[in-house]
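J.: Okay, handing you the structure first.
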Amino acid sequence: MRRTPAHALSAVALTLALGLAGCATEPANSDSTSSELSAPSNSSSASSQPADTGVAPATGSVVSGDGYSYTIPVGWAQQDAALAPGTDTVAADGAPTGPFANNVNVVLSPAGAFTPDNVEAAAGNELETAGATEVQVLDRVTVAGEETAHVTAVMTVSDLTYRIHQYYVTSDDQTYVVTFSAAVDVPDEEMISTAESVLATWTWA
């Protein structure tokens with residue numbers, strides 16, 4: 001049976017979101033305000049069309065979640081989100097070539113909305129606390145008309161080691177943590193291309 005770490009990934013996404021929420025409760029007289037939460041300066045709800053990430057959009061099935069939808073690659077299938085507590089939607093490769101099925105899951109941040117600056121300031125510490133290694137903040141990506149932070153890291157759960165790419169898509173007062181994961185032997189360029197093909201189809205309901 002092919003395995004995916006959707007449960008673990010949802011926990012990672014929630015760890016980061018809750019960590020950011022914690023930053024929002026710190027005293028306002030701190031010397032640094034880089035980790036304080038604030039609503040995005042521009043509303044993304046006006047953009048109801050898929051984003052242009054510079055790659056061809058995925059053409060598989062449409063997955064609909066709480067206020068959004070996206071299209072997954074051909075050969076992927078939506079999974080039961082109940083199997084990964086905390087997730088809103090989950091989808092995975094239906095015919096992986098190894099023991100690890102590439103997958104994506106979406107978690108609604110319990111912290112509400114936060115900006116790319118918030119994520120980039122806190123992601124390293126929060127992901128490392130969740131057990132991640134090789135955490136890197138990458139170039140931002142435009143999704144549904146708004147900039148989103150892009151963070152990558154390596155995770156190990158039981159005997160599975162895999163790489164994640166997380167994007168933090170925001171509409172009005174809600175951030176959606178979108179986590180893609182793939183086996184570490186998948187070329188990173190291929191994984192990013194797959195992720196951005198999905199993000200290119202992101203549409204607000």
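Letters for chains follow the order of the structure tokens (A, B, ...), residue numbers begin at 1 for each chain, and ligand numbers begin at 1 in the order shown.
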Pick out the residues sitting within 9 Å of region 194-200 of chain A, and hand them over as a PyMOL selection string; count only C-alpha atoms, and ignore anything fewer than 5 positions along from it in its own chain.
T.: chain A and resi 50-59+70-73+104+141-144+165+179-180+189
J.: Quick one: write out the picked residues with N, CA and C atoms as a PDB file, in the first residue's frame?
T.:
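Contents of the output file again39.pdb:
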ATOM      1  N   PRO A  50      -8.044  32.080 -11.911  1.00  0.00           N
ATOM      2  CA  PRO A  50      -6.825  31.360 -11.565  1.00  0.00           C
ATOM      3  C   PRO A  50      -5.594  32.244 -11.727  1.00  0.00           C
ATOM      4  N   ALA A  51      -4.575  31.978 -10.916  1.00  0.00           N
ATOM      5  CA  ALA A  51      -3.352  32.764 -10.962  1.00  0.00           C
ATOM      6  C   ALA A  51      -2.470  32.337 -12.127  1.00  0.00           C
ATOM      7  N   ASP A  52      -1.560  33.221 -12.537  1.00  0.00           N
ATOM      8  CA  ASP A  52      -0.572  32.910 -13.555  1.00  0.00           C
ATOM      9  C   ASP A  52       0.769  32.738 -12.865  1.00  0.00           C
ATOM     10  N   THR A  53       1.193  31.490 -12.644  1.00  0.00           N
ATOM     11  CA  THR A  53       2.470  31.232 -11.991  1.00  0.00           C
ATOM     12  C   THR A  53       3.579  31.007 -12.998  1.00  0.00           C
ATOM     13  N   GLY A  54       3.273  31.130 -14.282  1.00  0.00           N
ATOM     14  CA  GLY A  54       4.293  30.947 -15.300  1.00  0.00           C
ATOM     15  C   GLY A  54       4.440  29.520 -15.775  1.00  0.00           C
ATOM     16  N   VAL A  55       3.621  28.604 -15.288  1.00  0.00           N
ATOM     17  CA  VAL A  55       3.651  27.216 -15.743  1.00  0.00           C
ATOM     18  C   VAL A  55       2.271  26.831 -16.250  1.00  0.00           C
ATOM     19  N   ALA A  56       2.226  25.776 -17.054  1.00  0.00           N
ATOM     20  CA  ALA A  56       0.936  25.319 -17.572  1.00  0.00           C
ATOM     21  C   ALA A  56       0.084  24.812 -16.421  1.00  0.00           C
ATOM     22  N   PRO A  57      -1.185  25.187 -16.364  1.00  0.00           N
ATOM     23  CA  PRO A  57      -2.048  24.751 -15.258  1.00  0.00           C
ATOM     24  C   PRO A  57      -2.337  23.265 -15.311  1.00  0.00           C
ATOM     25  N   ALA A  58      -2.527  22.673 -14.151  1.00  0.00           N
ATOM     26  CA  ALA A  58      -2.911  21.263 -14.061  1.00  0.00           C
ATOM     27  C   ALA A  58      -4.257  21.052 -14.738  1.00  0.00           C
ATOM     28  N   THR A  59      -4.471  19.850 -15.256  1.00  0.00           N
ATOM     29  CA  THR A  59      -5.686  19.584 -16.038  1.00  0.00           C
ATOM     30  C   THR A  59      -6.451  18.362 -15.555  1.00  0.00           C
ATOM     31  N   TYR A  70      -9.218  24.132  -6.652  1.00  0.00           N
ATOM     32  CA  TYR A  70      -8.002  24.020  -7.448  1.00  0.00           C
ATOM     33  C   TYR A  70      -8.070  22.728  -8.252  1.00  0.00           C
ATOM     34  N   THR A  71      -7.254  22.642  -9.274  1.00  0.00           N
ATOM     35  CA  THR A  71      -7.223  21.464 -10.136  1.00  0.00           C
ATOM     36  C   THR A  71      -5.941  20.690  -9.867  1.00  0.00           C
ATOM     37  N   ILE A  72      -6.054  19.387  -9.739  1.00  0.00           N
ATOM     38  CA  ILE A  72      -4.884  18.546  -9.478  1.00  0.00           C
ATOM     39  C   ILE A  72      -4.371  17.933 -10.781  1.00  0.00           C
ATOM     40  N   PRO A  73      -3.145  17.433 -10.794  1.00  0.00           N
ATOM     41  CA  PRO A  73      -2.601  16.833 -12.014  1.00  0.00           C
ATOM     42  C   PRO A  73      -3.387  15.593 -12.441  1.00  0.00           C
ATOM     43  N   VAL A 104      -0.847  16.763  -1.906  1.00  0.00           N
ATOM     44  CA  VAL A 104      -1.075  18.139  -1.497  1.00  0.00           C
ATOM     45  C   VAL A 104      -2.185  18.151  -0.456  1.00  0.00           C
ATOM     46  N   VAL A 141       5.559  33.661  -4.642  1.00  0.00           N
ATOM     47  CA  VAL A 141       4.801  33.293  -5.829  1.00  0.00           C
ATOM     48  C   VAL A 141       3.480  34.056  -5.797  1.00  0.00           C
ATOM     49  N   THR A 142       3.005  34.482  -6.957  1.00  0.00           N
ATOM     50  CA  THR A 142       1.711  35.147  -7.024  1.00  0.00           C
ATOM     51  C   THR A 142       0.622  34.102  -7.249  1.00  0.00           C
ATOM     52  N   VAL A 143      -0.326  34.054  -6.330  1.00  0.00           N
ATOM     53  CA  VAL A 143      -1.446  33.114  -6.415  1.00  0.00           C
ATOM     54  C   VAL A 143      -2.737  33.903  -6.263  1.00  0.00           C
ATOM     55  N   ALA A 144      -3.640  33.749  -7.215  1.00  0.00           N
ATOM     56  CA  ALA A 144      -4.918  34.463  -7.193  1.00  0.00           C
ATOM     57  C   ALA A 144      -4.721  35.968  -7.018  1.00  0.00           C
ATOM     58  N   HIS A 165       6.925  21.594   0.190  1.00  0.00           N
ATOM     59  CA  HIS A 165       6.889  22.979  -0.260  1.00  0.00           C
ATOM     60  C   HIS A 165       5.567  23.545   0.246  1.00  0.00           C
ATOM     61  N   THR A 179       0.259  22.693   1.349  1.00  0.00           N
ATOM     62  CA  THR A 179       1.485  21.916   1.489  1.00  0.00           C
ATOM     63  C   THR A 179       1.557  20.831   0.433  1.00  0.00           C
ATOM     64  N   PHE A 180       2.617  20.876  -0.364  1.00  0.00           N
ATOM     65  CA  PHE A 180       2.907  19.818  -1.322  1.00  0.00           C
ATOM     66  C   PHE A 180       4.064  18.992  -0.774  1.00  0.00           C
ATOM     67  N   GLU A 189      13.023  20.758  -8.948  1.00  0.00           N
ATOM     68  CA  GLU A 189      12.415  21.535 -10.027  1.00  0.00           C
ATOM     69  C   GLU A 189      11.097  20.904 -10.474  1.00  0.00           C
TER      70      GLU A 189
END
J.: Give me, as a PDB file with N, CA and C atoms, in the first residue's frame, the residues of region 130-180 of chain A that a backbone DSSP run labels strand (DSSP E or B).
T.:
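Once written, part19.pdb looks like this:
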ATOM      1  N   THR A 133      14.009  19.841   8.755  1.00  0.00           N
ATOM      2  CA  THR A 133      15.403  20.220   8.525  1.00  0.00           C
ATOM      3  C   THR A 133      15.493  20.883   7.157  1.00  0.00           C
ATOM      4  N   GLU A 134      16.641  21.472   6.885  1.00  0.00           N
ATOM      5  CA  GLU A 134      16.888  22.106   5.576  1.00  0.00           C
ATOM      6  C   GLU A 134      15.793  23.113   5.207  1.00  0.00           C
ATOM      7  N   VAL A 135      15.356  23.884   6.189  1.00  0.00           N
ATOM      8  CA  VAL A 135      14.309  24.875   5.945  1.00  0.00           C
ATOM      9  C   VAL A 135      14.885  26.036   5.129  1.00  0.00           C
ATOM     10  N   GLN A 136      14.196  26.390   4.069  1.00  0.00           N
ATOM     11  CA  GLN A 136      14.609  27.519   3.242  1.00  0.00           C
ATOM     12  C   GLN A 136      13.392  28.361   2.867  1.00  0.00           C
ATOM     13  N   VAL A 137      13.564  29.665   2.892  1.00  0.00           N
ATOM     14  CA  VAL A 137      12.540  30.573   2.383  1.00  0.00           C
ATOM     15  C   VAL A 137      12.896  30.878   0.935  1.00  0.00           C
ATOM     16  N   LEU A 138      11.992  30.549   0.023  1.00  0.00           N
ATOM     17  CA  LEU A 138      12.225  30.737  -1.403  1.00  0.00           C
ATOM     18  C   LEU A 138      11.502  31.980  -1.912  1.00  0.00           C
ATOM     19  N   ASP A 139      11.673  32.260  -3.192  1.00  0.00           N
ATOM     20  CA  ASP A 139      11.028  33.429  -3.778  1.00  0.00           C
ATOM     21  C   ASP A 139       9.511  33.324  -3.649  1.00  0.00           C
ATOM     22  N   ARG A 140       8.879  34.454  -3.442  1.00  0.00           N
ATOM     23  CA  ARG A 140       7.421  34.476  -3.352  1.00  0.00           C
ATOM     24  C   ARG A 140       6.791  34.148  -4.705  1.00  0.00           C
ATOM     25  N   VAL A 141       5.559  33.661  -4.642  1.00  0.00           N
ATOM     26  CA  VAL A 141       4.801  33.293  -5.829  1.00  0.00           C
ATOM     27  C   VAL A 141       3.480  34.056  -5.797  1.00  0.00           C
ATOM     28  N   THR A 142       3.005  34.482  -6.957  1.00  0.00           N
ATOM     29  CA  THR A 142       1.711  35.147  -7.024  1.00  0.00           C
ATOM     30  C   THR A 142       0.622  34.102  -7.249  1.00  0.00           C
ATOM     31  N   VAL A 143      -0.326  34.054  -6.330  1.00  0.00           N
ATOM     32  CA  VAL A 143      -1.446  33.114  -6.415  1.00  0.00           C
ATOM     33  C   VAL A 143      -2.737  33.903  -6.263  1.00  0.00           C
ATOM     34  N   GLU A 146      -2.291  37.640  -5.525  1.00  0.00           N
ATOM     35  CA  GLU A 146      -1.581  38.117  -4.344  1.00  0.00           C
ATOM     36  C   GLU A 146      -0.280  37.356  -4.150  1.00  0.00           C
ATOM     37  N   GLU A 147       0.713  38.032  -3.592  1.00  0.00           N
ATOM     38  CA  GLU A 147       1.965  37.371  -3.258  1.00  0.00           C
ATOM     39  C   GLU A 147       1.756  36.376  -2.119  1.00  0.00           C
ATOM     40  N   THR A 148       2.401  35.224  -2.222  1.00  0.00           N
ATOM     41  CA  THR A 148       2.376  34.258  -1.132  1.00  0.00           C
ATOM     42  C   THR A 148       3.799  33.841  -0.807  1.00  0.00           C
ATOM     43  N   ALA A 149       4.072  33.656   0.464  1.00  0.00           N
ATOM     44  CA  ALA A 149       5.371  33.142   0.866  1.00  0.00           C
ATOM     45  C   ALA A 149       5.514  31.699   0.395  1.00  0.00           C
ATOM     46  N   HIS A 150       6.757  31.277   0.194  1.00  0.00           N
ATOM     47  CA  HIS A 150       7.053  29.927  -0.281  1.00  0.00           C
ATOM     48  C   HIS A 150       8.221  29.399   0.542  1.00  0.00           C
ATOM     49  N   VAL A 151       7.954  28.350   1.307  1.00  0.00           N
ATOM     50  CA  VAL A 151       8.953  27.771   2.198  1.00  0.00           C
ATOM     51  C   VAL A 151       9.105  26.291   1.889  1.00  0.00           C
ATOM     52  N   THR A 152      10.342  25.799   1.914  1.00  0.00           N
ATOM     53  CA  THR A 152      10.577  24.375   1.702  1.00  0.00           C
ATOM     54  C   THR A 152      11.366  23.803   2.876  1.00  0.00           C
ATOM     55  N   ALA A 153      11.209  22.498   3.109  1.00  0.00           N
ATOM     56  CA  ALA A 153      11.917  21.827   4.197  1.00  0.00           C
ATOM     57  C   ALA A 153      11.872  20.329   3.956  1.00  0.00           C
ATOM     58  N   VAL A 154      12.685  19.607   4.704  1.00  0.00           N
ATOM     59  CA  VAL A 154      12.693  18.145   4.663  1.00  0.00           C
ATOM     60  C   VAL A 154      12.116  17.625   5.965  1.00  0.00           C
ATOM     61  N   MET A 155      11.211  16.639   5.852  1.00  0.00           N
ATOM     62  CA  MET A 155      10.573  16.028   7.012  1.00  0.00           C
ATOM     63  C   MET A 155      10.848  14.529   7.038  1.00  0.00           C
ATOM     64  N   THR A 156      10.900  13.967   8.223  1.00  0.00           N
ATOM     65  CA  THR A 156      11.000  12.514   8.380  1.00  0.00           C
ATOM     66  C   THR A 156       9.946  12.073   9.379  1.00  0.00           C
ATOM     67  N   VAL A 157       9.087  11.142   8.954  1.00  0.00           N
ATOM     68  CA  VAL A 157       8.068  10.557   9.815  1.00  0.00           C
ATOM     69  C   VAL A 157       8.227   9.052   9.730  1.00  0.00           C
ATOM     70  N   LEU A 160       9.880   7.337   6.650  1.00  0.00           N
ATOM     71  CA  LEU A 160       9.694   8.111   5.424  1.00  0.00           C
ATOM     72  C   LEU A 160      10.358   9.473   5.535  1.00  0.00           C
ATOM     73  N   THR A 161      11.214   9.790   4.575  1.00  0.00           N
ATOM     74  CA  THR A 161      11.812  11.115   4.477  1.00  0.00           C
ATOM     75  C   THR A 161      11.344  11.740   3.178  1.00  0.00           C
ATOM     76  N   TYR A 162      10.867  12.956   3.254  1.00  0.00           N
ATOM     77  CA  TYR A 162      10.292  13.600   2.078  1.00  0.00           C
ATOM     78  C   TYR A 162      10.486  15.102   2.184  1.00  0.00           C
ATOM     79  N   ARG A 163      10.343  15.783   1.059  1.00  0.00           N
ATOM     80  CA  ARG A 163      10.468  17.236   1.024  1.00  0.00           C
ATOM     81  C   ARG A 163       9.087  17.866   0.905  1.00  0.00           C
ATOM     82  N   ILE A 164       8.910  18.972   1.598  1.00  0.00           N
ATOM     83  CA  ILE A 164       7.661  19.716   1.490  1.00  0.00           C
ATOM     84  C   ILE A 164       7.919  21.092   0.885  1.00  0.00           C
ATOM     85  N   HIS A 165       6.925  21.594   0.190  1.00  0.00           N
ATOM     86  CA  HIS A 165       6.889  22.979  -0.260  1.00  0.00           C
ATOM     87  C   HIS A 165       5.567  23.545   0.246  1.00  0.00           C
ATOM     88  N   GLN A 166       5.636  24.611   1.038  1.00  0.00           N
ATOM     89  CA  GLN A 166       4.429  25.215   1.588  1.00  0.00           C
ATOM     90  C   GLN A 166       4.230  26.616   1.020  1.00  0.00           C
ATOM     91  N   TYR A 167       2.971  26.890   0.695  1.00  0.00           N
ATOM     92  CA  TYR A 167       2.559  28.200   0.189  1.00  0.00           C
ATOM     93  C   TYR A 167       1.421  28.686   1.091  1.00  0.00           C
ATOM     94  N   TYR A 168       1.310  30.000   1.258  1.00  0.00           N
ATOM     95  CA  TYR A 168       0.391  30.568   2.235  1.00  0.00           C
ATOM     96  C   TYR A 168      -0.544  31.537   1.507  1.00  0.00           C
ATOM     97  N   VAL A 169      -1.613  30.977   0.958  1.00  0.00           N
ATOM     98  CA  VAL A 169      -2.522  31.716   0.081  1.00  0.00           C
ATOM     99  C   VAL A 169      -3.570  32.422   0.940  1.00  0.00           C
ATOM    100  N   THR A 170      -3.748  33.721   0.697  1.00  0.00           N
ATOM    101  CA  THR A 170      -4.604  34.512   1.587  1.00  0.00           C
ATOM    102  C   THR A 170      -5.720  35.216   0.834  1.00  0.00           C
ATOM    103  N   SER A 171      -6.913  35.181   1.435  1.00  0.00           N
ATOM    104  CA  SER A 171      -8.068  35.932   0.939  1.00  0.00           C
ATOM    105  C   SER A 171      -8.708  36.629   2.120  1.00  0.00           C
ATOM    106  N   GLN A 174      -8.410  35.292   5.890  1.00  0.00           N
ATOM    107  CA  GLN A 174      -8.091  33.879   6.052  1.00  0.00           C
ATOM    108  C   GLN A 174      -6.889  33.482   5.196  1.00  0.00           C
ATOM    109  N   THR A 175      -5.913  32.824   5.811  1.00  0.00           N
ATOM    110  CA  THR A 175      -4.786  32.237   5.085  1.00  0.00           C
ATOM    111  C   THR A 175      -4.982  30.729   4.995  1.00  0.00           C
ATOM    112  N   TYR A 176      -4.711  30.202   3.824  1.00  0.00           N
ATOM    113  CA  TYR A 176      -4.792  28.767   3.557  1.00  0.00           C
ATOM    114  C   TYR A 176      -3.363  28.248   3.379  1.00  0.00           C
ATOM    115  N   VAL A 177      -2.946  27.334   4.244  1.00  0.00           N
ATOM    116  CA  VAL A 177      -1.606  26.768   4.157  1.00  0.00           C
ATOM    117  C   VAL A 177      -1.665  25.576   3.206  1.00  0.00           C
ATOM    118  N   VAL A 178      -1.024  25.721   2.051  1.00  0.00           N
ATOM    119  CA  VAL A 178      -1.065  24.695   1.006  1.00  0.00           C
ATOM    120  C   VAL A 178       0.273  23.969   1.005  1.00  0.00           C
ATOM    121  N   THR A 179       0.259  22.693   1.349  1.00  0.00           N
ATOM    122  CA  THR A 179       1.485  21.916   1.489  1.00  0.00           C
ATOM    123  C   THR A 179       1.557  20.831   0.433  1.00  0.00           C
ATOM    124  N   PHE A 180       2.617  20.876  -0.364  1.00  0.00           N
ATOM    125  CA  PHE A 180       2.907  19.818  -1.322  1.00  0.00           C
ATOM    126  C   PHE A 180       4.064  18.992  -0.774  1.00  0.00           C
TER     127      PHE A 180
END
J.: If you measure from CA of Thr115 (chain A) to CA of Thr201 (chain A), what distance in Å do you get, rounded to one decimal?
T.: 21.3 Å
J.: Mind the document's chain letters and residue numbers, and return as a PyMOL selection string the residues of region 161-191 of chain A that DSSP labels helix (DSSP H, G or I).
T.: chain A and resi 188-191
J.: In Å, with one decimal, what is the gap from CA of Val74 (chain A) to CA of Ala182 (chain A)?
T.: 16.2 Å
